[in-house]
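Participant: Input protein_11.txt, format and content: compact mmCIF, C-alpha atoms.
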# COMPACT_ATOMS: atom_id res chain seq x y z
CA MET L 1 -18.87 -21.85 4.29
CA THR L 2 -16.20 -22.14 6.96
CA THR L 3 -12.79 -20.54 6.54
CA GLN L 4 -11.17 -23.98 6.32
CA GLU L 5 -13.56 -25.04 3.57
CA LEU L 6 -12.90 -22.02 1.41
CA LEU L 7 -9.15 -22.39 1.93
CA GLN L 8 -9.44 -25.95 0.66
CA LYS L 9 -11.36 -24.71 -2.38
CA ALA L 10 -8.72 -22.08 -3.09
CA LYS L 11 -5.93 -24.64 -2.79
CA ALA L 12 -7.72 -26.98 -5.19
CA ALA L 13 -8.23 -24.16 -7.71
CA ARG L 14 -4.69 -22.80 -7.60
CA ARG L 15 -3.41 -25.31 -10.16
CA ASP L 16 -5.94 -24.09 -12.72
CA ILE L 17 -4.81 -20.51 -12.21
CA SER L 18 -1.10 -21.29 -12.17
CA ALA L 19 -1.44 -23.23 -15.43
CA ALA L 20 -3.45 -20.52 -17.21
CA ASP L 21 -1.67 -18.82 -20.08
CA THR L 22 -1.30 -15.05 -20.35
CA GLN L 23 -4.11 -14.66 -22.87
CA THR L 24 -6.59 -16.48 -20.64
CA LYS L 25 -5.64 -14.48 -17.55
CA ASN L 26 -5.94 -11.22 -19.45
CA ARG L 27 -9.31 -12.24 -20.86
CA ALA L 28 -10.47 -12.96 -17.30
CA LEU L 29 -9.26 -9.58 -16.05
CA LEU L 30 -11.15 -7.77 -18.80
CA ALA L 31 -14.27 -9.81 -18.06
CA MET L 32 -13.92 -9.00 -14.36
CA ALA L 33 -13.69 -5.28 -15.17
CA GLY L 34 -16.81 -5.48 -17.28
CA ALA L 35 -18.69 -7.35 -14.55
CA LEU L 36 -17.75 -4.68 -12.01
CA GLU L 37 -19.23 -2.00 -14.25
CA ARG L 38 -22.39 -3.99 -15.01
CA ARG L 39 -22.95 -4.68 -11.32
CA GLY L 40 -22.02 -1.17 -10.25
CA GLN L 41 -25.44 -0.35 -8.82
CA GLU L 42 -25.54 -3.55 -6.76
CA ILE L 43 -22.09 -2.75 -5.38
CA LEU L 44 -23.12 0.81 -4.51
CA SER L 45 -26.28 -0.44 -2.78
CA ALA L 46 -24.20 -2.83 -0.66
CA ASN L 47 -21.77 -0.03 0.10
CA THR L 48 -24.62 2.21 1.24
CA LEU L 49 -25.61 -0.43 3.80
CA ASP L 50 -22.01 -0.63 5.01
CA LEU L 51 -21.82 3.15 5.34
CA GLU L 52 -25.10 3.34 7.24
CA ALA L 53 -23.95 0.67 9.68
CA ALA L 54 -20.54 2.29 10.19
CA ARG L 55 -21.68 5.90 10.55
CA GLY L 56 -21.20 7.05 14.11
CA THR L 57 -18.78 4.24 14.92
CA ILE L 58 -15.82 5.35 12.77
CA SER L 59 -14.47 8.79 11.91
CA ASP L 60 -15.46 10.80 8.83
CA VAL L 61 -12.01 10.20 7.38
CA MET L 62 -12.44 6.44 7.76
CA LEU L 63 -15.92 6.70 6.24
CA ASP L 64 -14.24 8.21 3.19
CA ARG L 65 -12.00 5.14 2.97
CA LEU L 66 -15.07 2.93 3.11
CA ALA L 67 -17.17 4.88 0.63
CA LEU L 68 -17.55 3.86 -2.99
CA SER L 69 -18.89 5.93 -5.87
CA SER L 70 -19.42 5.43 -9.56
CA ASP L 71 -16.04 7.06 -10.15
CA ARG L 72 -14.30 4.75 -7.67
CA ILE L 73 -15.87 1.68 -9.25
CA ALA L 74 -14.76 2.95 -12.65
CA GLY L 75 -11.27 3.34 -11.17
CA MET L 76 -11.36 -0.24 -9.90
CA ALA L 77 -12.34 -1.48 -13.36
CA ALA L 78 -9.60 0.62 -14.92
CA GLY L 79 -7.11 -0.95 -12.51
CA LEU L 80 -8.10 -4.43 -13.69
CA ARG L 81 -7.62 -3.39 -17.30
CA GLU L 82 -4.24 -1.87 -16.52
CA VAL L 83 -3.09 -5.12 -14.91
CA ALA L 84 -4.19 -6.96 -18.05
CA GLU L 85 -1.86 -4.72 -20.05
CA LEU L 86 1.17 -5.48 -17.88
CA PRO L 87 3.72 -8.18 -18.78
CA ASP L 88 3.00 -11.58 -17.28
CA PRO L 89 5.63 -12.25 -14.60
CA VAL L 90 5.06 -16.02 -14.52
CA GLY L 91 7.73 -17.95 -16.37
CA ALA L 92 10.09 -15.01 -16.71
CA VAL L 93 13.74 -16.07 -16.59
CA LEU L 94 15.26 -13.86 -13.90
CA SER L 95 18.83 -15.02 -14.50
CA ARG L 96 20.61 -17.62 -16.60
CA VAL L 97 23.97 -19.25 -15.99
CA GLU L 98 25.80 -21.78 -18.15
CA ARG L 99 28.27 -23.76 -16.03
CA PRO L 100 31.62 -25.10 -17.29
CA ASN L 101 30.17 -28.63 -17.23
CA GLY L 102 27.44 -27.58 -19.68
CA LEU L 103 24.55 -27.33 -17.19
CA ILE L 104 22.19 -24.44 -17.92
CA ILE L 105 20.64 -23.01 -14.74
CA GLU L 106 17.66 -20.65 -15.10
CA LYS L 107 16.13 -18.83 -12.15
CA THR L 108 12.47 -18.67 -13.18
CA ALA L 109 9.48 -16.79 -11.72
CA VAL L 110 6.62 -19.02 -10.52
CA PRO L 111 3.28 -18.38 -8.75
CA MET L 112 3.13 -18.27 -4.97
CA GLY L 113 0.13 -20.61 -4.85
CA VAL L 114 -2.51 -19.29 -2.41
CA ILE L 115 -2.18 -15.69 -1.30
CA ALA L 116 -4.32 -14.55 1.65
CA ILE L 117 -4.91 -10.86 2.35
CA ILE L 118 -6.31 -9.49 5.61
CA TYR L 119 -7.43 -5.90 5.14
CA GLU L 120 -9.68 -3.34 6.75
CA SER L 121 -12.33 -0.95 5.48
CA ARG L 122 -11.20 -0.28 1.91
CA PRO L 123 -13.46 -2.07 -0.58
CA ASN L 124 -11.25 -1.18 -3.57
CA VAL L 125 -8.51 -3.42 -2.13
CA THR L 126 -10.79 -6.33 -3.00
CA SER L 127 -10.44 -5.88 -6.76
CA ASP L 128 -6.80 -4.77 -6.63
CA ALA L 129 -5.77 -7.87 -4.69
CA ALA L 130 -7.77 -10.21 -6.88
CA ALA L 131 -6.36 -8.72 -10.09
CA LEU L 132 -2.75 -8.94 -9.00
CA ALA L 133 -3.03 -12.44 -7.55
CA LEU L 134 -4.71 -13.74 -10.72
CA LYS L 135 -2.18 -12.21 -13.10
CA ALA L 136 0.61 -13.59 -10.90
CA GLY L 137 -0.94 -17.06 -11.25
CA SER L 138 -2.15 -17.47 -7.66
CA ALA L 139 -5.44 -18.15 -5.95
CA CYS L 140 -6.59 -15.34 -3.67
CA VAL L 141 -8.32 -15.51 -0.27
CA LEU L 142 -9.67 -12.19 0.99
CA ARG L 143 -10.58 -11.40 4.56
CA CYS L 144 -11.90 -7.83 4.94
CA GLY L 145 -13.04 -5.90 8.00
CA LYS L 146 -16.65 -6.16 9.08
CA GLU L 147 -17.37 -2.54 8.07
CA ALA L 148 -16.71 -3.35 4.40
CA HIS L 149 -18.02 -6.91 4.15
CA ARG L 150 -21.23 -6.23 2.21
CA SER L 151 -19.31 -4.13 -0.31
CA ALA L 152 -16.56 -6.73 -0.65
CA ALA L 153 -19.09 -9.53 -1.12
CA ALA L 154 -20.79 -7.64 -3.96
CA ILE L 155 -17.41 -6.94 -5.59
CA VAL L 156 -16.30 -10.57 -5.28
CA ALA L 157 -19.57 -11.78 -6.84
CA ALA L 158 -18.85 -9.61 -9.87
CA LEU L 159 -15.23 -10.73 -10.09
CA LYS L 160 -16.20 -14.41 -9.88
CA GLU L 161 -18.63 -13.85 -12.74
CA GLY L 162 -15.76 -12.52 -14.83
CA LEU L 163 -13.52 -15.46 -13.94
CA SER L 164 -16.18 -17.95 -14.97
CA ALA L 165 -16.87 -16.09 -18.22
CA ALA L 166 -13.21 -16.53 -19.15
CA GLY L 167 -13.32 -20.25 -18.41
CA LEU L 168 -11.29 -20.09 -15.19
CA ASN L 169 -12.21 -21.72 -11.89
CA HIS L 170 -13.95 -19.05 -9.82
CA ASP L 171 -12.99 -20.92 -6.63
CA ALA L 172 -9.57 -19.32 -7.09
CA LEU L 173 -11.12 -16.19 -5.54
CA GLN L 174 -12.58 -16.53 -2.05
CA LEU L 175 -13.98 -14.07 0.47
CA VAL L 176 -13.93 -15.17 4.11
CA GLU L 177 -17.45 -14.96 5.50
CA ASP L 178 -16.44 -14.75 9.16
CA THR L 179 -15.24 -11.22 10.04
CA SER L 180 -14.37 -12.05 13.64
CA ARG L 181 -10.82 -12.28 14.93
CA ALA L 182 -11.12 -16.05 14.79
CA SER L 183 -10.98 -16.09 10.97
CA ALA L 184 -7.87 -13.91 10.94
CA ASN L 185 -6.26 -16.34 13.39
CA GLU L 186 -7.23 -19.26 11.13
CA LEU L 187 -5.48 -17.65 8.17
CA MET L 188 -2.37 -17.02 10.27
CA ALA L 189 -2.31 -20.68 11.29
CA ALA L 190 -3.16 -22.21 7.88
CA ARG L 191 0.13 -23.96 7.13
CA GLY L 192 -0.18 -26.05 3.98
CA LEU L 193 -3.14 -23.98 2.79
CA VAL L 194 -1.76 -20.42 2.68
CA ASP L 195 1.55 -19.84 0.90
CA LEU L 196 1.75 -16.10 1.64
CA LEU L 197 -0.19 -13.89 4.05
CA ILE L 198 -0.32 -10.13 3.49
CA PRO L 199 -1.83 -7.97 6.26
CA ARG L 200 -2.96 -4.57 5.03
CA GLY L 201 -4.24 -2.25 7.70
CA GLY L 202 -3.36 -0.62 10.98
CA ALA L 203 -0.35 -1.22 13.17
CA GLY L 204 -2.23 -3.62 15.46
CA LEU L 205 -3.27 -5.92 12.62
CA ILE L 206 0.18 -5.96 11.07
CA ARG L 207 1.92 -6.62 14.38
CA ALA L 208 -0.49 -9.46 15.22
CA CYS L 209 0.30 -11.17 11.91
CA VAL L 210 4.05 -10.69 12.16
CA ASP L 211 4.14 -11.91 15.76
CA SER L 212 1.67 -14.78 15.54
CA ALA L 213 1.48 -16.20 12.02
CA ALA L 214 2.69 -19.73 11.31
CA VAL L 215 2.59 -19.02 7.56
CA PRO L 216 4.97 -16.71 5.65
CA VAL L 217 4.01 -13.03 6.10
CA LEU L 218 4.86 -10.17 3.78
CA GLU L 219 4.75 -7.22 6.13
CA THR L 220 3.10 -4.05 4.91
CA GLY L 221 3.71 -1.02 7.04
CA THR L 222 1.99 1.90 8.63
CA GLY L 223 3.00 5.25 7.22
CA ILE L 224 4.54 7.86 9.50
CA CYS L 225 5.69 9.82 6.45
CA HIS L 226 7.93 12.89 6.77
CA ILE L 227 8.43 15.97 4.63
CA TYR L 228 11.57 17.97 5.35
CA VAL L 229 11.59 21.60 4.19
CA ASP L 230 15.24 22.45 3.70
CA ARG L 231 16.75 25.93 4.10
CA ARG L 232 17.03 26.16 0.31
CA ALA L 233 13.50 25.00 -0.44
CA ASP L 234 11.21 26.75 -2.91
CA GLN L 235 8.62 27.64 -0.28
CA GLU L 236 5.63 27.77 -2.63
CA MET L 237 6.58 24.32 -3.89
CA ALA L 238 6.90 23.10 -0.31
CA LEU L 239 3.43 24.44 0.54
CA ASP L 240 1.89 22.74 -2.50
CA ILE L 241 3.59 19.45 -1.65
CA LEU L 242 2.58 19.57 2.01
CA GLU L 243 -1.01 20.48 1.21
CA ASN L 244 -1.27 17.58 -1.22
CA ALA L 245 0.54 15.10 1.03
CA LYS L 246 -1.55 15.95 4.09
CA CYS L 247 -4.94 16.95 2.75
CA SER L 248 -5.69 15.18 -0.53
CA ARG L 249 -6.52 11.94 1.31
CA PRO L 250 -5.37 11.91 4.93
CA SER L 251 -6.70 8.41 5.64
CA VAL L 252 -4.12 6.60 3.48
CA CYS L 253 -0.69 5.33 4.46
CA ASN L 254 1.24 7.61 2.08
CA ALA L 255 -0.18 10.80 3.58
CA ALA L 256 2.30 13.05 5.38
CA GLU L 257 2.16 12.95 9.19
CA VAL L 258 5.25 15.00 10.10
CA CYS L 259 6.76 18.22 8.75
CA LEU L 260 10.35 19.08 9.61
CA VAL L 261 11.49 22.64 8.85
CA HIS L 262 15.04 24.01 8.83
CA ARG L 263 15.51 26.72 11.45
CA GLU L 264 16.84 29.26 8.92
CA VAL L 265 13.49 29.38 7.10
CA ALA L 266 11.10 28.41 9.91
CA GLY L 267 10.23 31.98 10.84
CA GLU L 268 9.15 32.75 7.28
CA PHE L 269 7.74 29.37 6.28
CA LEU L 270 5.67 28.26 9.28
CA PRO L 271 3.18 31.18 9.16
CA LYS L 272 2.64 30.39 5.47
CA LEU L 273 2.16 26.70 6.31
CA LYS L 274 -0.39 27.49 9.03
CA ASP L 275 -2.35 29.74 6.68
CA ARG L 276 -2.27 27.23 3.82
CA LEU L 277 -3.31 24.19 5.85
CA GLU L 278 -6.00 26.01 7.79
CA HIS L 279 -7.54 27.24 4.52
CA ASN L 280 -6.60 24.40 2.17
CA ARG L 281 -8.56 23.73 -1.01
CA PHE L 282 -9.78 20.39 0.35
CA GLY L 283 -12.00 22.27 2.78
CA HIS L 284 -10.90 20.82 6.11
CA PRO L 285 -8.50 22.72 8.39
CA VAL L 286 -5.42 20.85 9.59
CA GLN L 287 -4.54 20.81 13.27
CA LEU L 288 -0.82 21.52 13.73
CA ARG L 289 0.88 19.85 16.69
CA LEU L 290 3.99 21.89 17.37
CA ASP L 291 7.29 21.20 19.07
CA PRO L 292 8.46 24.00 21.44
CA GLU L 293 10.52 25.77 18.75
CA ALA L 294 7.69 25.78 16.22
CA ALA L 295 5.30 26.99 18.95
CA LYS L 296 7.46 30.11 19.37
CA ILE L 297 6.66 31.06 15.77
CA ILE L 298 3.00 30.10 15.25
CA ASP L 299 -0.03 29.16 17.32
CA GLY L 300 -1.11 25.54 17.48
CA THR L 301 -1.53 22.53 19.74
CA PRO L 302 1.60 21.60 21.71
CA ALA L 303 2.95 18.28 20.47
CA GLY L 304 2.54 15.46 22.99
CA PRO L 305 5.07 12.72 23.72
CA ALA L 306 3.57 10.38 21.10
CA ASP L 307 2.76 12.83 18.32
CA PHE L 308 5.95 12.22 16.34
CA ASP L 309 5.33 8.46 16.50
CA THR L 310 1.67 8.46 15.45
CA GLU L 311 0.05 7.65 12.13
CA PHE L 312 -2.84 10.10 12.51
CA LEU L 313 -4.76 9.20 9.33
CA ASP L 314 -6.58 12.47 9.91
CA TYR L 315 -6.26 16.22 9.40
CA ILE L 316 -3.40 16.46 11.89
CA LEU L 317 0.26 17.26 11.21
CA ALA L 318 3.14 17.17 13.69
CA VAL L 319 5.68 19.97 13.12
CA ARG L 320 9.26 20.26 14.33
CA VAL L 321 12.01 22.80 13.73
CA VAL L 322 15.46 21.28 13.10
CA ASP L 323 18.88 22.89 12.97
CA SER L 324 20.25 20.95 10.01
CA LEU L 325 19.75 18.29 7.38
CA GLU L 326 21.61 15.90 9.67
CA GLU L 327 19.10 16.51 12.47
CA ALA L 328 16.21 15.91 10.05
CA VAL L 329 17.73 12.62 8.91
CA ASP L 330 18.34 11.58 12.53
CA HIS L 331 14.75 12.42 13.46
CA ILE L 332 13.41 10.34 10.56
CA ALA L 333 15.65 7.42 11.54
CA ALA L 334 14.28 7.55 15.09
CA HIS L 335 10.57 7.98 14.27
CA SER L 336 9.82 6.78 10.73
CA THR L 337 8.08 3.51 9.93
CA GLY L 338 10.20 3.21 6.78
CA HIS L 339 7.39 4.03 4.35
CA SER L 340 7.90 7.32 2.46
CA GLU L 341 9.89 10.49 3.16
CA ALA L 342 10.50 13.64 1.12
CA ILE L 343 12.91 16.55 1.01
CA VAL L 344 12.02 19.87 -0.58
CA THR L 345 15.15 21.72 -1.61
CA GLY L 346 16.93 23.42 -4.48
CA ASP L 347 20.27 22.19 -3.16
CA GLU L 348 21.31 19.10 -5.13
CA ARG L 349 23.97 18.10 -2.60
CA ALA L 350 21.47 18.26 0.26
CA ALA L 351 18.98 16.23 -1.79
CA HIS L 352 21.59 13.59 -2.59
CA ALA L 353 22.55 13.30 1.08
CA PHE L 354 18.88 12.90 2.08
CA LEU L 355 18.09 10.36 -0.64
CA THR L 356 21.17 8.33 0.23
CA ARG L 357 20.93 8.38 4.01
CA VAL L 358 17.19 8.05 4.64
CA ASP L 359 16.40 4.33 4.82
CA SER L 360 12.76 4.11 3.75
CA ALA L 361 10.98 2.20 0.99
CA ALA L 362 10.37 5.38 -1.04
CA VAL L 363 12.41 8.58 -0.76
CA TYR L 364 11.41 11.74 -2.68
CA TRP L 365 13.04 14.95 -3.82
CA ASN L 366 10.60 17.78 -4.52
CA ALA L 367 7.50 15.60 -4.80
CA SER L 368 4.58 14.52 -2.62
CA THR L 369 4.70 11.25 -0.69
CA ARG L 370 1.22 10.54 -2.06
CA PHE L 371 2.85 9.02 -5.14
CA THR L 372 3.85 5.88 -3.22
CA ASP L 373 1.23 3.78 -4.91
CA GLY L 374 1.28 0.84 -7.29
CA GLY L 375 -0.70 2.63 -9.98
CA GLU L 376 1.46 5.75 -9.79
CA PHE L 377 4.60 3.58 -10.00
CA GLY L 378 3.33 1.91 -13.18
CA LEU L 379 2.41 -1.39 -11.48
CA GLY L 380 -1.29 -1.20 -12.42
CA CYS L 381 -2.38 -1.41 -8.80
CA GLU L 382 -0.84 -2.78 -5.63
CA MET L 383 -1.29 -5.39 -2.93
CA GLY L 384 0.06 -2.97 -0.33
CA ILE L 385 3.23 -1.09 0.57
CA SER L 386 5.98 -3.23 2.06
CA THR L 387 8.23 -1.57 4.61
CA GLN L 388 10.33 -4.66 5.21
CA LYS L 389 13.56 -5.46 3.35
CA LEU L 390 13.38 -9.18 2.62
CA HIS L 391 11.82 -10.34 -0.66
CA ALA L 392 9.91 -7.13 -1.48
CA ARG L 393 9.93 -3.45 -0.55
CA GLY L 394 7.64 -0.56 -1.49
CA PRO L 395 4.50 -1.03 -3.61
CA LEU L 396 3.78 -4.73 -4.08
CA GLY L 397 3.12 -5.44 -7.74
CA LEU L 398 3.14 -8.53 -9.90
CA GLU L 399 6.83 -9.36 -9.63
CA GLU L 400 6.73 -9.20 -5.83
CA LEU L 401 3.82 -11.69 -5.75
CA CYS L 402 5.88 -14.38 -7.46
CA SER L 403 8.37 -16.80 -6.03
CA PHE L 404 11.00 -18.51 -8.16
CA LYS L 405 12.52 -21.87 -8.80
CA PHE L 406 15.70 -23.03 -10.48
CA ILE L 407 15.27 -24.94 -13.72
CA ILE L 408 18.40 -26.90 -14.65
CA LYS L 409 18.94 -28.36 -18.13
CA GLY L 410 21.65 -30.91 -18.89
CA GLN L 411 22.79 -33.62 -21.26
CA GLY L 412 23.46 -36.43 -18.83
CA GLN L 413 25.87 -34.67 -16.46
CA THR L 414 26.59 -36.45 -13.16
CA ARG L 415 28.43 -35.26 -10.07
Rewrite the structure from the file as structure tokens, please.
Facilitator:
Amino acid sequence: MTTQELLQKAKAARRDISAADTQTKNRALLAMAGALERRGQEILSANTLDLEAARGTISDVMLDRLALSSDRIAGMAAGLREVAELPDPVGAVLSRVERPNGLIIEKTAVPMGVIAIIYESRPNVTSDAAALALKAGSACVLRCGKEAHRSAAAIVAALKEGLSAAGLNHDALQLVEDTSRASANELMAARGLVDLLIPRGGAGLIRACVDSAAVPVLETGTGICHIYVDRRADQEMALDILENAKCSRPSVCNAAEVCLVHREVAGEFLPKLKDRLEHNRFGHPVQLRLDPEAAKIIDGTPAGPADFDTEFLDYILAVRVVDSLEEAVDHIAAHSTGHSEAIVTGDERAAHAFLTRVDSAAVYWNASTRFTDGGEFGLGCEMGISTQKLHARGPLGLEELCSFKFIIKGQGQTR
């Protein structure tokens, strides 16, 4: 089926989804979760073929993003069930005004229509995106990277089975068959067929969509995430946070890429950091890329001109020594992608200044940046992390996938 044909099918099915009541949508989500579990072995077999084809062409860290397991499939099913438990955003009255002339004006949440998602080699995004779009009353068109296409196709087959079992039109969920750049360009140009396009992937993909799309784009961002270790930080806490933020899953956008350390504690803290990250419990040593001041204290790779502007998505951490909180905030302003930043400190005034002045979608005090995630924020799962400021920011959950309209009720008023 061509991309245009499946877009037409999705557009035709969107009315069925937008008209579905909460009970029907929740029943479909539960059926989709059950179908994922029943078809788990088929999905794993498809994923094995994807992994075999990708091995040697992408890094081990990216292979981890691509890999599925029984536990990950169970997590995908759990995500569907969690979305079923969330309040239905469709029809919610966001604000209500009664005018002096008696008109009642209600700002009311409504479905987007057809949401298209372009994403790379993360098969779990397939079920997350489908679940959120369905609960938000929209049809969903998925276009994944070629490395994950077999896995995504097996997942979509299971999800469509669940939709049909609940009596909903399974054409509301579509997977683009063409994984070439041409299909991505078709989605970007599909005015009248795509109501919202969400790119979820690397900087090149996101920039191409923002620069070239003729349809509305909700920009998700790359994650050059910073952790600033203040002069009054609990150093053991800082080590735990940095190890988690860098090593627990370095291939994701909420992983830390930069560590800033206050000069007053750098001499004591950096040797501890080097020891912890070289011998971390995740079993893979971290390469430290050091600015000249950090390099005076510990051994490591000298930081290159681009290292503080790179989303490594790997076991690499750029490290800089700063003279003050103000310098840390200035560095983040100059180099951050606006995703997630953290301060580790016992000084409440310093924390307040950091939280107030750092202009990112998620700002932390004494916690890992790895929590920037729809599930961790209580959204069930997420469509991505928005680093823009218009319409939606941070993890994209159900509310962010709705538009709104004004419903006006009168008794014959004229102007």
Participant: At a cut-off of 6 Å, using all atoms listed in the file, what residues contact stretch 154-169 of chain L? Leave out same-chain residues fewer than 4 positions from it and give the result as a ChimeraX atom specification.
Facilitator: /L:28,31-32,35-36,43
Participant: Write the residues of the selection above to a file with C-alpha atoms, as a compact mmCIF listing (two decimals), in the coordinates of the input.
Facilitator:
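Written out: out_20.txt:
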# COMPACT_ATOMS: atom_id res chain seq x y z
CA ALA L 28 -10.47 -12.96 -17.30
CA ALA L 31 -14.27 -9.81 -18.06
CA MET L 32 -13.92 -9.00 -14.36
CA ALA L 35 -18.69 -7.35 -14.55
CA LEU L 36 -17.75 -4.68 -12.01
CA ILE L 43 -22.09 -2.75 -5.38
Participant: Taking (-12.4, 8.0, 2.9) in the coordinates of the supplied file, I want to know which residues reach to within 10 Å of it, counting only C-alpha atoms; could you give the answer as a list in words?
Facilitator: Ser59, Asp60, Val61, Met62, Leu63, Asp64, Arg65, Leu66, Ala67, Leu68, Ser121, Arg122, Arg249, Pro250, Ser251 and Val252 of chain L
Participant: Hey, can you check how far atom CA of L:Val363 sits from atom CA of L:Val93?
Facilitator: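 Computing it gives 29.3 Å between the two atoms.
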Participant: Which value, in Å to one decimal, gives the distance between atom CA of L:Ala392 and atom CA of L:Ala361?
Facilitator: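 These atoms are spaced 9.7 Å apart.
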Participant: Of the candidates L:Leu325, L:Leu132, L:Leu175, L:Ile73, which shows the shortest atom-to-atom distance to L:Pro87, using all atoms listed in the file?
Facilitator: L:Leu132
Participant: Which residues come within 8 Å of L:Thr2, counting all atoms listed in the file, excluding same-chain residues fewer than 2 positions away, as a compact mmCIF listing (two decimals) with C-alpha atoms, keeping the file's coordinate frame?
Facilitator:
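Wrote selection-v3.txt, looks like this:
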# COMPACT_ATOMS: atom_id res chain seq x y z
CA GLN L 4 -11.17 -23.98 6.32
CA GLU L 5 -13.56 -25.04 3.57
CA LEU L 6 -12.90 -22.02 1.41
CA VAL L 176 -13.93 -15.17 4.11
CA GLU L 177 -17.45 -14.96 5.50
CA ASP L 178 -16.44 -14.75 9.16
Participant: Let me make sure I understand: among L:Arg181, L:Arg96, L:Arg232, L:Arg281, which one has the smallest atom-to-atom distance to L:Ser324 if we use only C-alpha atoms?
Facilitator: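 Closest to L:Ser324 of all the choices is L:Arg232.
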Participant: Which residue, L:Glu120, L:Leu134, L:Met237, L:Leu205, has the smallest gap to L:Thr179 when you use only C-alpha atoms?
Facilitator: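 Checking each candidate against L:Thr179, we get L:Glu120 as the closest.
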Participant: Find the spatial neighbours of L:Tyr228, counting only C-alpha atoms, within a cut-off of 7 Å - ignore same-chain residues fewer than 5 positions away - and output them as a PDB file with C-alpha atoms, in the frame of the given file.
Facilitator:
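Result saved to around_19.pdb:
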ATOM      1  CA  CYS L 259       6.760  18.220   8.750  1.00  0.00           C
ATOM      2  CA  LEU L 260      10.350  19.080   9.610  1.00  0.00           C
ATOM      3  CA  VAL L 261      11.490  22.640   8.850  1.00  0.00           C
ATOM      4  CA  ALA L 328      16.210  15.910  10.050  1.00  0.00           C
ATOM      5  CA  ALA L 342      10.500  13.640   1.120  1.00  0.00           C
ATOM      6  CA  ILE L 343      12.910  16.550   1.010  1.00  0.00           C
ATOM      7  CA  VAL L 344      12.020  19.870  -0.580  1.00  0.00           C
TER       8      VAL L 344
END
Participant: Can you pull out the residues contacting L:Thr126? Cut-off 10 Å, using only C-alpha atoms, and skip same-chain residues under 4 positions away; I want them as a PyMOL selection string.
Facilitator: chain L and resi 76+117+119+122+130-131+140-144+148+151-153+155-156+159+175+383
Participant: For L:Ala77, which of L:Gly34, L:Asn26, L:Val90, L:Ile58 is the closest residue, counting only C-alpha atoms?
Facilitator: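 For L:Ala77, the nearest of the candidates is L:Gly34.
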Participant: Would you mind telling me which residue in L:Lys135, L:Lys146, L:His352, L:Arg191 lies nearest to L:Val215 when using only C-alpha atoms?
Facilitator: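 The shortest atom-to-atom distance to L:Val215 comes from L:Arg191.
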Participant: Using only C-alpha atoms, can you tell me which of L:Leu379, L:Gly223, L:Glu311, L:Gly384 comes closest to L:Ser340?
Facilitator: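 Of all the options, L:Gly223 lies closest to L:Ser340.
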Participant: Report, in Å to a single decimal, how far apart atom CA of L:Leu80 and atom CA of L:Ala367 are.
Facilitator: 26.9 Å
Participant: List as a PyMOL selection string the protein and nucleic acid residues near L:Lys246, meaning an atom at most 6 Å away when all atoms listed in the file are counted, but skip any in the same chain fewer than 4 places from it.
Facilitator: chain L and resi 242+250+255-256
Participant: Return as AutoDock Vina command-line options the centre and edge lengths, in Å with one decimal, of the box along x, y and z that encloses every atom of stretch 339-355 of chain L in the file, padded by 4 Å per side.
Facilitator:
--center_x 15.7 --center_y 13.7 --center_z -0.4 --size_x 24.6 --size_y 27.4 --size_z 17.5
Participant: Any chance you could model N, CA and C atoms for stretch 153-162 of chain L and send them as a PDB file, keeping the file's coordinate frame?
Facilitator:
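New file selection-v3.pdb:
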ATOM      1  N   ALA L 153     -18.351  -8.373  -0.606  1.00  0.00           N
ATOM      2  CA  ALA L 153     -19.090  -9.530  -1.120  1.00  0.00           C
ATOM      3  C   ALA L 153     -19.691  -9.227  -2.489  1.00  0.00           C
ATOM      4  N   ALA L 154     -20.215  -8.018  -2.669  1.00  0.00           N
ATOM      5  CA  ALA L 154     -20.790  -7.640  -3.960  1.00  0.00           C
ATOM      6  C   ALA L 154     -19.698  -7.550  -5.032  1.00  0.00           C
ATOM      7  N   ILE L 155     -18.541  -7.032  -4.652  1.00  0.00           N
ATOM      8  CA  ILE L 155     -17.410  -6.940  -5.590  1.00  0.00           C
ATOM      9  C   ILE L 155     -16.934  -8.329  -5.985  1.00  0.00           C
ATOM     10  N   VAL L 156     -16.775  -9.210  -4.997  1.00  0.00           N
ATOM     11  CA  VAL L 156     -16.300 -10.570  -5.280  1.00  0.00           C
ATOM     12  C   VAL L 156     -17.282 -11.322  -6.173  1.00  0.00           C
ATOM     13  N   ALA L 157     -18.577 -11.118  -5.978  1.00  0.00           N
ATOM     14  CA  ALA L 157     -19.570 -11.780  -6.840  1.00  0.00           C
ATOM     15  C   ALA L 157     -19.366 -11.370  -8.300  1.00  0.00           C
ATOM     16  N   ALA L 158     -19.092 -10.090  -8.508  1.00  0.00           N
ATOM     17  CA  ALA L 158     -18.850  -9.610  -9.870  1.00  0.00           C
ATOM     18  C   ALA L 158     -17.557 -10.188 -10.433  1.00  0.00           C
ATOM     19  N   LEU L 159     -16.528 -10.218  -9.620  1.00  0.00           N
ATOM     20  CA  LEU L 159     -15.230 -10.730 -10.090  1.00  0.00           C
ATOM     21  C   LEU L 159     -15.313 -12.214 -10.418  1.00  0.00           C
ATOM     22  N   LYS L 160     -16.033 -12.980  -9.606  1.00  0.00           N
ATOM     23  CA  LYS L 160     -16.200 -14.410  -9.880  1.00  0.00           C
ATOM     24  C   LYS L 160     -16.949 -14.621 -11.203  1.00  0.00           C
ATOM     25  N   GLU L 161     -17.902 -13.769 -11.471  1.00  0.00           N
ATOM     26  CA  GLU L 161     -18.630 -13.850 -12.740  1.00  0.00           C
ATOM     27  C   GLU L 161     -17.667 -13.683 -13.917  1.00  0.00           C
ATOM     28  N   GLY L 162     -16.750 -12.734 -13.776  1.00  0.00           N
ATOM     29  CA  GLY L 162     -15.760 -12.520 -14.830  1.00  0.00           C
ATOM     30  C   GLY L 162     -14.821 -13.701 -14.990  1.00  0.00           C
TER      31      GLY L 162
END
